Amino acid sequence: MKIFTATQIREADAYTIQHEPISSLQLMERAATACAQWLFRHFDARKPFYIFCGMGNNGGDGLAITRLLLNNGYKATACIVHHSNKASADHTANRQLLEQQYPQSIYDVAAVADLPTLPPKSIIIDAIFGTGLRSAIEGWMAGLIHQLNDLQTRHTLVAIDLPSGMLADASSAHMPVVHASITLSFEVYKLAFLLPENAARTGQVHILPIGLHPDYLTQTPTRFHVTDAHMMRTIYQPRQPFAHKGTYGHALLVAGSYGKMGAAVLSAKACLHAGVGLLTCHVPQCGYQIIQISAPSAMCVTDIQETYSSHFHESAPQTRGLQQYKTIGIGPGLGTATGTAKALEQLLEQYRQPMVLDADALNIISEYPFLLPRIPHGSLLTPHPKEFERIFGSSDNDFARLELLSRQAVSLQLYILLKGRFTAMACPDGAVYFNSTGNPGMATGGSGDVLTGILTSLLAQGYAPKAAILLGTYLHGLAGDIAAARMSQEAMTAESIIDCLGPAFLQL
Ligand SMILES: NC(=O)C1=CN([C@@H]2O[C@H](COP(=O)(O)OP(=O)(O)OC[C@H]3O[C@@H](n4cnc5c(N)ncnc54)[C@H](O)[C@@H]3O)[C@@H](O)[C@H]2O)[C@@H](O)CC1
Ligand SMILES: Nc1ncnc2c1ncn2[C@@H]1O[C@H](COP(=O)(O)OP(=O)(O)O)[C@@H](O)[C@H]1O
Ligand SMILES: [K+]
């Protein structure tokens, strides 16, 4: 699914109005109807609704929603917030329609003191500002936003299109923004919804289709995307009937150190359960029995060191050296010993195919930044936010961090996956994909090691790097969602994600 900017959304509106054709007032009615139907399904008619409407088209939506609620027997009051003397044409038209039918339902607010006293457990609808907001809300309007946020603790607050004060395409981290418990947005995700700085402001996001013209949606290129099931069906390659284990690649996993062999086991198991043909694990000597017993389908070679790895070429005694491996996954539980760092430097000299670098491989690179440009083009880096910051530095806000992520992926020609609720996957061509699956049950030690195993497995099987990241993160999150549904977000562990990889593949 594409993510459109506020400007593109306006263009989509205009295109729909011109080519469907439909009037802008009818399009607003469609948007308001989609919201009202959602509200009918989720709230009963006993709860009073207070709809705060701005002077633009977001307010127009609010006025139309008020009329639709009243038409269906709900108690609703439109509180018109006079932040400007000028109302948009569709706001004015909807105000007139409401006044004609329900003259008692309109209440004007021109100062914070004008706010009505709300009965307990009211539903507050925030239709003050949408995609038309240009900059931070200031003056008495900022006070109004703070007042609404105080009310939010005792009432349910539903934002229309986006919480007022939030910018769709830029940071509003330090601005007054409505804290909604639910956001009903139109047709497409806004970039702002996918970044952690807005998590407490959007609440649950529901995207409601309003029939914007499909030609505009399909033909307009965008830089940001959200992955979905449809996209996965175009990427996933079913296994060939005459396949043999050589068909699906031989991967090398370099992982584990004394006290952190669990990370190696999790990655190895995930790699095997994601379909790799052959897997060899390179571990320090202390890890030999652990791997052989926990992951008998994998082969195991040991380092010359007892507690950490220092000579990865031990994994490739044959003449072809490390090149015999289709790909290499390196990092989970590896440790950052000087000997390991040296070995990583050698490995980057010897092996020039796309590989997966995670966890301690990334921590080593943050200590030895000259290694960064030596990573083979097309490789996958999977930092969590702290690892990302160690390598690339900090940013003022999540939008700035997203730009930094994308810039680095382009200049280094790498795929960089910034992990989180919506893992952001930056590609060497500048595109960024957000993964849509996963849940907070995955915020548990070892989840990332499982992802490394899956990505290594998909690269070994011959998936191109871009296909591997999109499918791999989707499967990882989907397996996490299946695990959470089976045993709760609390009780699931990284092992549960591996156990549910099978059902996740079956859902593709
Ligand atoms: N395809 C869509 O997405 C549709 C969008 N519609 C609605 O239209 C909205 C966009 O409407 P508009 O473009 O009229 O914009 P808004 O209603 O979001 O805001 C415009 C108003 O805000 C004022 N304003 C802007 N920046 C301000 C600031 N920093 N401080 C104070 N006031 C400020 C402007 O003067 C104007 O009065 C969407 O968010 C959505 O709710 C629907 O009606 C129809 C379909
Ligand atoms: N709240 C969440 N929603 C969705 N996915 C999550 C959430 N929390 C964590 N994850 C996923 O779990 C994984 C955690 O990785 P990481 O932090 O490296 O864990 P570890 O280092 O313990 O293996 C990432 O893939 C991340 O996207
Ligand atoms: K709003």
# chains A, B, ... in the order shown; residues from 1 in each chain; ligands from 1

call {"tool": "select_by_dssp", "arguments": {"residues": "range 60-308 of chain A", "states": "strand (DSSP E)", "output": "ChimeraX atom specification"}}
result
/A:76-81,106-109,123-127,156-160,182-186,204-208,224-226,250-254,278-283,299-302

call {"tool": "write_last_selection", "arguments": {"atoms": "N, CA and C atoms", "output": "CSV table (one decimal), in the first residue's frame"}}
result
chain,number,residue,atom,x,y,z
A,76,ALA,N,-26.0,14.4,19.5
A,76,ALA,CA,-24.8,15.0,18.9
A,76,ALA,C,-24.8,16.5,18.9
A,77,THR,N,-23.7,17.1,19.3
A,77,THR,CA,-23.6,18.6,19.3
A,77,THR,C,-22.4,18.9,18.5
A,78,ALA,N,-22.5,19.9,17.5
A,78,ALA,CA,-21.3,20.3,16.8
A,78,ALA,C,-20.8,21.6,17.5
A,79,CYS,N,-19.5,21.5,18.0
A,79,CYS,CA,-18.9,22.7,18.6
A,79,CYS,C,-18.0,23.3,17.5
A,80,ILE,N,-18.4,24.4,17.0
A,80,ILE,CA,-17.6,25.0,15.9
A,80,ILE,C,-16.5,25.9,16.5
A,81,VAL,N,-15.3,25.5,16.2
A,81,VAL,CA,-14.1,26.2,16.7
A,81,VAL,C,-13.7,27.3,15.8
A,106,ILE,N,-26.0,23.3,17.2
A,106,ILE,CA,-24.7,24.0,16.9
A,106,ILE,C,-24.3,24.9,18.0
A,107,TYR,N,-23.1,24.8,18.4
A,107,TYR,CA,-22.5,25.6,19.5
A,107,TYR,C,-21.2,26.2,19.1
A,108,ASP,N,-21.1,27.5,19.3
A,108,ASP,CA,-19.9,28.2,18.8
A,108,ASP,C,-18.8,28.3,19.9
A,109,VAL,N,-17.6,28.1,19.5
A,109,VAL,CA,-16.5,28.2,20.5
A,109,VAL,C,-15.5,29.2,19.9
A,123,ILE,N,-18.4,11.0,23.9
A,123,ILE,CA,-17.5,10.7,22.8
A,123,ILE,C,-17.2,12.0,22.2
A,124,ILE,N,-15.9,12.4,22.3
A,124,ILE,CA,-15.4,13.6,21.7
A,124,ILE,C,-14.9,13.3,20.3
A,125,ILE,N,-15.4,14.0,19.3
A,125,ILE,CA,-14.8,13.8,17.9
A,125,ILE,C,-14.0,15.0,17.6
A,126,ASP,N,-12.8,14.8,17.2
A,126,ASP,CA,-11.8,15.9,16.9
A,126,ASP,C,-11.8,16.0,15.4
A,127,ALA,N,-12.5,17.1,14.9
A,127,ALA,CA,-12.5,17.4,13.5
A,127,ALA,C,-12.1,18.8,13.3
A,156,THR,N,-13.9,9.3,25.6
A,156,THR,CA,-13.2,8.7,24.5
A,156,THR,C,-13.1,9.8,23.4
A,157,LEU,N,-11.8,9.9,22.9
A,157,LEU,CA,-11.6,10.9,21.9
A,157,LEU,C,-11.2,10.2,20.5
A,158,VAL,N,-12.1,10.6,19.5
A,158,VAL,CA,-11.9,10.0,18.2
A,158,VAL,C,-11.4,11.1,17.2
A,159,ALA,N,-10.3,10.9,16.6
A,159,ALA,CA,-9.8,12.0,15.7
A,159,ALA,C,-10.2,11.6,14.3
A,160,ILE,N,-10.7,12.6,13.5
A,160,ILE,CA,-11.0,12.4,12.1
A,160,ILE,C,-9.9,12.8,11.2
A,182,ILE,N,-8.6,6.9,19.3
A,182,ILE,CA,-8.9,6.2,18.0
A,182,ILE,C,-8.7,7.3,16.9
A,183,THR,N,-8.1,6.9,15.8
A,183,THR,CA,-8.0,7.8,14.6
A,183,THR,C,-8.7,7.1,13.4
A,184,LEU,N,-9.7,7.8,12.9
A,184,LEU,CA,-10.3,7.3,11.6
A,184,LEU,C,-9.8,8.1,10.5
A,185,SER,N,-9.0,7.4,9.6
A,185,SER,CA,-8.3,8.2,8.6
A,185,SER,C,-8.8,7.6,7.2
A,186,PHE,N,-8.6,8.4,6.2
A,186,PHE,CA,-9.2,8.1,4.9
A,186,PHE,C,-8.2,7.5,3.9
A,204,GLN,N,-5.5,3.7,18.3
A,204,GLN,CA,-5.7,2.8,17.2
A,204,GLN,C,-6.0,3.5,15.9
A,205,VAL,N,-5.4,3.1,14.8
A,205,VAL,CA,-5.6,3.8,13.6
A,205,VAL,C,-6.5,2.9,12.7
A,206,HIS,N,-7.6,3.4,12.2
A,206,HIS,CA,-8.4,2.6,11.2
A,206,HIS,C,-8.5,3.4,9.9
A,207,ILE,N,-8.1,2.7,8.8
A,207,ILE,CA,-8.1,3.4,7.5
A,207,ILE,C,-9.4,3.0,6.8
A,208,LEU,N,-10.2,4.0,6.5
A,208,LEU,CA,-11.5,3.8,5.9
A,208,LEU,C,-11.5,4.1,4.4
A,224,PHE,N,7.3,6.2,0.0
A,224,PHE,CA,7.0,5.4,1.2
A,224,PHE,C,5.9,4.4,0.9
A,225,HIS,N,6.0,3.2,1.5
A,225,HIS,CA,5.0,2.2,1.3
A,225,HIS,C,4.7,1.4,2.6
A,226,VAL,N,3.6,0.8,2.7
A,226,VAL,CA,3.3,-0.2,3.8
A,226,VAL,C,3.1,-1.5,3.2
A,250,HIS,N,23.0,-22.8,0.5
A,250,HIS,CA,23.8,-23.2,1.7
A,250,HIS,C,24.1,-21.9,2.4
A,251,ALA,N,23.6,-21.7,3.6
A,251,ALA,CA,23.9,-20.5,4.4
A,251,ALA,C,24.9,-20.7,5.5
A,252,LEU,N,25.7,-19.7,5.8
A,252,LEU,CA,26.6,-19.8,6.9
A,252,LEU,C,26.0,-18.8,8.0
A,253,LEU,N,25.9,-19.3,9.2
A,253,LEU,CA,25.5,-18.4,10.3
A,253,LEU,C,26.6,-18.2,11.3
A,254,VAL,N,27.1,-17.0,11.5
A,254,VAL,CA,28.2,-16.8,12.4
A,254,VAL,C,27.6,-16.1,13.6
A,278,LEU,N,20.6,-25.8,3.2
A,278,LEU,CA,21.6,-26.3,4.1
A,278,LEU,C,22.1,-25.1,5.0
A,279,LEU,N,22.4,-25.5,6.2
A,279,LEU,CA,22.9,-24.4,7.1
A,279,LEU,C,24.1,-24.9,7.9
A,280,THR,N,25.1,-24.1,7.8
A,280,THR,CA,26.3,-24.4,8.7
A,280,THR,C,26.4,-23.2,9.7
A,281,CYS,N,26.6,-23.6,11.0
A,281,CYS,CA,26.8,-22.6,12.0
A,281,CYS,C,28.2,-22.5,12.4
A,282,HIS,N,28.8,-21.3,12.5
A,282,HIS,CA,30.1,-21.2,13.0
A,282,HIS,C,30.0,-20.6,14.4
A,283,VAL,N,30.5,-21.4,15.4
A,283,VAL,CA,30.4,-21.0,16.8
A,283,VAL,C,31.7,-21.2,17.5
A,299,MET,N,24.6,-28.1,10.3
A,299,MET,CA,26.0,-28.5,10.5
A,299,MET,C,26.6,-27.5,11.4
A,300,CYS,N,27.7,-27.9,12.0
A,300,CYS,CA,28.4,-27.0,13.0
A,300,CYS,C,29.9,-27.0,12.8
A,301,VAL,N,30.5,-25.9,12.7
A,301,VAL,CA,32.0,-25.9,12.7
A,301,VAL,C,32.4,-25.0,13.9
A,302,THR,N,33.5,-25.3,14.5
A,302,THR,CA,33.9,-24.5,15.7
A,302,THR,C,35.1,-23.7,15.4

call {"tool": "residues_near_ligand", "arguments": {"ligand": "ligand 3", "cutoff": "9 Å", "atoms": "only C-alpha atoms and all ligand atoms", "output": "mmCIF file with C-alpha atoms, in the first residue's frame"}}
result
data_model
loop_
_atom_site.group_PDB
_atom_site.id
_atom_site.type_symbol
_atom_site.label_atom_id
_atom_site.label_comp_id
_atom_site.auth_asym_id
_atom_site.auth_seq_id
_atom_site.Cartn_x
_atom_site.Cartn_y
_atom_site.Cartn_z
ATOM 1 C CA PHE A 52 -15.314 19.778 17.533
ATOM 2 C CA CYS A 53 -15.264 21.207 14.019
ATOM 3 C CA GLY A 54 -12.601 23.507 12.530
ATOM 4 C CA ASN A 58 -11.861 18.611 8.360
ATOM 5 C CA GLY A 59 -14.510 20.673 10.177
ATOM 6 C CA GLY A 62 -17.297 16.931 11.448
ATOM 7 C CA ILE A 125 -14.848 13.813 17.925
ATOM 8 C CA ASP A 126 -11.829 15.856 16.880
ATOM 9 C CA ALA A 127 -12.535 17.383 13.460
ATOM 10 C CA ILE A 128 -10.641 20.638 14.001
ATOM 11 C CA PHE A 129 -7.649 20.266 11.685
ATOM 12 C CA GLY A 130 -6.743 17.572 9.171
ATOM 13 C CA THR A 131 -4.222 17.532 6.358
ATOM 14 C CA VAL A 158 -11.867 9.973 18.188
ATOM 15 C CA ALA A 159 -9.803 11.954 15.664
ATOM 16 C CA ILE A 160 -11.022 12.379 12.095
ATOM 17 C CA ASP A 161 -8.346 11.943 9.420
ATOM 18 C CA LEU A 162 -5.548 12.800 11.840
ATOM 19 C CA PRO A 163 -5.325 14.139 15.388
ATOM 20 C CA SER A 164 -5.503 17.949 15.218
ATOM 21 C CA GLY A 165 -2.070 19.534 15.455
ATOM 22 C CA MET A 166 -0.318 16.550 13.862
ATOM 23 C CA VAL A 178 -4.693 16.087 20.251
ATOM 24 C CA THR A 183 -8.030 7.794 14.626
#

call {"tool": "atom_distance", "arguments": {"atom1": "CA of Leu458 in chain A", "atom2": "CA of Arg352 in chain A"}}
result
17.6 Å

call {"tool": "atom_distance", "arguments": {"atom1": "CA of Ile469 in chain A", "atom2": "CA of Tyr308 in chain A"}}
result
28.5 Å

call {"tool": "closest_residue", "arguments": {"among": "A:Gly441, A:Leu508, A:Gly448, A:Lys260", "to": "Ala491 in chain A", "atoms": "only C-alpha atoms"}}
result
A:Gly441

call {"tool": "atom_distance", "arguments": {"atom1": "CA of Ala426 in chain A", "atom2": "CA of Ala468 in chain A"}}
result
13.0 Å

call {"tool": "residues_around", "arguments": {"residues": "range 473-482 of chain A", "least_positions_apart": "2", "cutoff": "6 Å", "atoms": "only C-alpha atoms", "output": "PDB file with C-alpha atoms, in the first residue's frame"}}
result
ATOM      1  CA  THR A 437       2.714  -7.174  10.881  1.00  0.00           C
ATOM      2  CA  GLY A 438       3.861  -7.824  14.457  1.00  0.00           C
ATOM      3  CA  ILE A 469      13.427  -7.994   3.501  1.00  0.00           C
ATOM      4  CA  LEU A 470       9.788  -7.457   2.539  1.00  0.00           C
ATOM      5  CA  LEU A 471       8.803 -11.120   2.863  1.00  0.00           C
ATOM      6  CA  ALA A 484       0.161 -13.917  20.318  1.00  0.00           C
ATOM      7  CA  ALA A 485      -3.289 -15.153  19.246  1.00  0.00           C
ATOM      8  CA  ILE A 497       7.741 -16.954  16.776  1.00  0.00           C
ATOM      9  CA  CYS A 500       4.552 -20.208  14.258  1.00  0.00           C
ATOM     10  CA  LEU A 501       6.619 -19.707  11.098  1.00  0.00           C
ATOM     11  CA  ALA A 504       2.627 -17.999   8.767  1.00  0.00           C
TER      12      ALA A 504
END

call {"tool": "closest_atom_pairs", "arguments": {"of": "range 207-319 of chain A", "to": "range 28-34 of chain A", "cutoff": "9 Å", "atoms": "only C-alpha atoms", "output": "Markdown table"}}
result
| residue | atom | partner | partner_atom | distance |
| --- | --- | --- | --- | --- |
| A:Leu208 | CA | A:Ala34 | CA | 6.5 |
| A:Pro209 | CA | A:Ala34 | CA | 7.5 |
| A:Ile210 | CA | A:Ala31 | CA | 5.6 |
| A:Gly211 | CA | A:Arg30 | CA | 8.2 |

call {"tool": "residues_near_ligand", "arguments": {"ligand": "ligand 2", "cutoff": "6 Å", "atoms": "only C-alpha atoms and all ligand atoms", "output": "PyMOL selection string"}}
result
chain A and resi 384+419-421+423+438-440+442-449+451

call {"tool": "closest_residue", "arguments": {"among": "A:Cys427, A:Thr336, A:Leu380, A:Ile17", "to": "Glu367 in chain A", "atoms": "only C-alpha atoms"}}
result
A:Thr336

call {"tool": "select_by_dssp", "arguments": {"residues": "range 406-489 of chain A", "states": "helix (DSSP H, G or I)", "output": "number ranges by chain"}}
result
A: 406-412, 440-442, 447-460, 465-487

call {"tool": "residues_around", "arguments": {"residues": "Pro48 in chain A", "least_positions_apart": "5", "cutoff": "8 Å", "atoms": "only C-alpha atoms", "output": "ChimeraX atom specification"}}
result
/A:74-76,119,121-123

call {"tool": "write_last_selection", "arguments": {"atoms": "C-alpha atoms", "output": "compact mmCIF listing (two decimals), in the first residue's frame"}}
result
# COMPACT_ATOMS: atom_id res chain seq x y z
CA TYR A 74 -27.72 9.67 18.36
CA LYS A 75 -27.32 12.72 20.64
CA ALA A 76 -24.79 14.99 18.94
CA PRO A 119 -21.53 14.75 30.57
CA LYS A 121 -18.32 9.22 29.19
CA SER A 122 -19.03 11.46 26.23
CA ILE A 123 -17.53 10.70 22.84

call {"tool": "residues_around", "arguments": {"residues": "Gly393 in chain A", "least_positions_apart": "6", "cutoff": "12 Å", "atoms": "only C-alpha atoms", "output": "VMD selection string"}}
result
chain A and resid 366 369 385 to 387 400 to 401 404 to 405 408

call {"tool": "residues_around", "arguments": {"residues": "Ile364 in chain A", "least_positions_apart": "6", "cutoff": "9 Å", "atoms": "only C-alpha atoms", "output": "ChimeraX atom specification"}}
result
/A:335-338,340-341,344,371

call {"tool": "residues_around", "arguments": {"residues": "Ile290 in chain A", "least_positions_apart": "6", "cutoff": "9 Å", "atoms": "only C-alpha atoms", "output": "mmCIF file with N, CA and C atoms, in the first residue's frame"}}
result
data_model
loop_
_atom_site.group_PDB
_atom_site.id
_atom_site.type_symbol
_atom_site.label_atom_id
_atom_site.label_comp_id
_atom_site.auth_asym_id
_atom_site.auth_seq_id
_atom_site.Cartn_x
_atom_site.Cartn_y
_atom_site.Cartn_z
ATOM 1 N N MET A 261 24.823 -18.253 23.602
ATOM 2 C CA MET A 261 24.611 -19.263 22.556
ATOM 3 C C MET A 261 23.141 -19.366 22.175
ATOM 4 N N GLY A 262 22.265 -18.895 23.077
ATOM 5 C CA GLY A 262 20.831 -18.926 22.770
ATOM 6 C C GLY A 262 20.512 -18.129 21.508
ATOM 7 N N VAL A 265 21.259 -20.243 18.588
ATOM 8 C CA VAL A 265 20.255 -21.310 18.428
ATOM 9 C C VAL A 265 18.977 -20.743 17.803
#
